[in-house]
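Reviewing the structure listed below.
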Amino acid sequence: MSHFPPPVPPTDFPPFGSLRPHRGGVVLALGILSLVLNCFILGIIAWVMANNDLREMRAGMMDPGGYSVTKAGQICGIISVCLALAALLLWLLFVCGGMACAATGIAVAG
């Protein structure tokens with residue numbers, strides 16, 4: 001009869017001390033700035049960073065303490081990109097409509 005404890009089974013997760021720190025504050029700041037400055041490039045950066053960080057948090061490689069902050073930054077980035085795309089489509093609609101009116105000779109009241 002042995003007095004040694006049974007061996008610990010291996011895990012797929014690294015020890016808690018070796019988790020990478022989350023970047024939730026950076027992602028949220030980029031997401032908010034993308035909305036305030038109307039800069040969809042910052043929104044894309046926030047969206048991509050958040051996707052990578054959330055994937056690593058789910059895999060157990062990054063500190064999950066910043067999950068909600070990272071998710072909020074991702075949502076701000078998505079909203080910023082969607083608003084920029086909507087503005088671009090609206091602008092294209094006006095330009096194409098103006099060109100169509102000019103080509104047909106229809107006067108636009110104004």
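To be explicit about the labels: the chains of the structure tokens are called A, B, and onward in the order shown, and within each one the residues are counted from 1, while ligands get numbers from 1 in the order they are shown.
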
For Gly25 (chain A): contacts at 9 Å, only C-alpha atoms, fewer than 5 positions along chain excluded, given as a JSON list (two decimals) with N, CA and C atoms, in the first residue's frame:
[["chain", "number", "residue", "atom", "x", "y", "z"],
["A", 30, "LEU", "N", -11.08, 51.74, -28.26],
["A", 30, "LEU", "CA", -11.11, 51.82, -29.72],
["A", 30, "LEU", "C", -12.54, 51.81, -30.25],
["A", 66, "GLY", "N", -11.94, 40.15, -18.37],
["A", 66, "GLY", "CA", -12.33, 41.27, -19.22],
["A", 66, "GLY", "C", -13.30, 40.89, -20.33],
["A", 69, "VAL", "N", -16.12, 43.62, -20.94],
["A", 69, "VAL", "CA", -15.57, 44.86, -21.49],
["A", 69, "VAL", "C", -15.14, 44.65, -22.94],
["A", 70, "THR", "N", -14.54, 43.52, -23.22],
["A", 70, "THR", "CA", -14.13, 43.19, -24.59],
["A", 70, "THR", "C", -15.35, 43.05, -25.48],
["A", 73, "GLY", "N", -16.70, 46.48, -26.34],
["A", 73, "GLY", "CA", -15.87, 47.11, -27.37],
["A", 73, "GLY", "C", -16.12, 46.52, -28.74]]

Using only C-alpha atoms, what table do you get, as a Markdown table, when you list each residue of region 66-95 of chain A with an atom no more than 7 Å from region 50-59 of chain A, its nearest pair of atoms, and their distance in Å rounded to one decimal, rows by chain then rising number?
| residue | atom | partner | partner_atom | distance |
| --- | --- | --- | --- | --- |
| A:Tyr67 | CA | A:Leu54 | CA | 6.8 |
| A:Thr70 | CA | A:Ala50 | CA | 5.8 |
| A:Lys71 | CA | A:Ala50 | CA | 6.8 |
| A:Gln74 | CA | A:Ala50 | CA | 5.4 |

Discussion item. Under the rule that only C-alpha atoms are counted, which of A:Ala102, A:Cys96, A:Ile79, A:Leu42 is the nearest residue to Ala29 (chain A)?
Written reply: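 So, comparing all the options, the nearest one is A:Leu42.
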
Worksheet item: For Ser80 (chain A), which of A:Val36, A:Arg20, A:Met49, A:Val27 is the closest residue, counting only C-alpha atoms?
Response: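 The answer is A:Val36, which sits nearest to Ser80 (chain A).
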
Discussion item. Here is a test: counting only C-alpha atoms, which residue of A:Ile45, A:Gly60, A:Gly105, A:Phe40 is nearest to Leu88 (chain A)?
Written reply: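 Closest to Leu88 (chain A), using only C-alpha atoms: A:Phe40.
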
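Counting from CA of Ser18 (chain A), the distance to CA of Gly65 (chain A) is 14.1 Å.
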
Worksheet item: Contacts of Asn38 (chain A) at 12 Å or less, counting only C-alpha atoms, minus same-chain residues fewer than 2 places along, as a list of chain:residue names?
Response: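 Skipping anything fewer than 2 positions along the chain leaves A:Leu30, A:Gly31, A:Ile32, A:Leu33, A:Ser34, A:Leu35, A:Val36, A:Phe40, A:Ile41, A:Leu42, A:Gly43, A:Ile44, A:Cys76, A:Gly77, A:Ile79, A:Ser80, A:Val81, A:Cys82, A:Leu83, A:Ala84, A:Leu85, A:Ala87.
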
Practice prompt. Find the residues around Asp63 (chain A) up to 6 Å (only C-alpha atoms counted), leave out those fewer than 4 positions away in its own chain, and share them as a ChimeraX atom specification.
Written response: /A:19-22

Worksheet item: To one decimal place, how far is CA of Gly24 (chain A) from CA of Ser68 (chain A) in Å?
Response: 8.0 Å
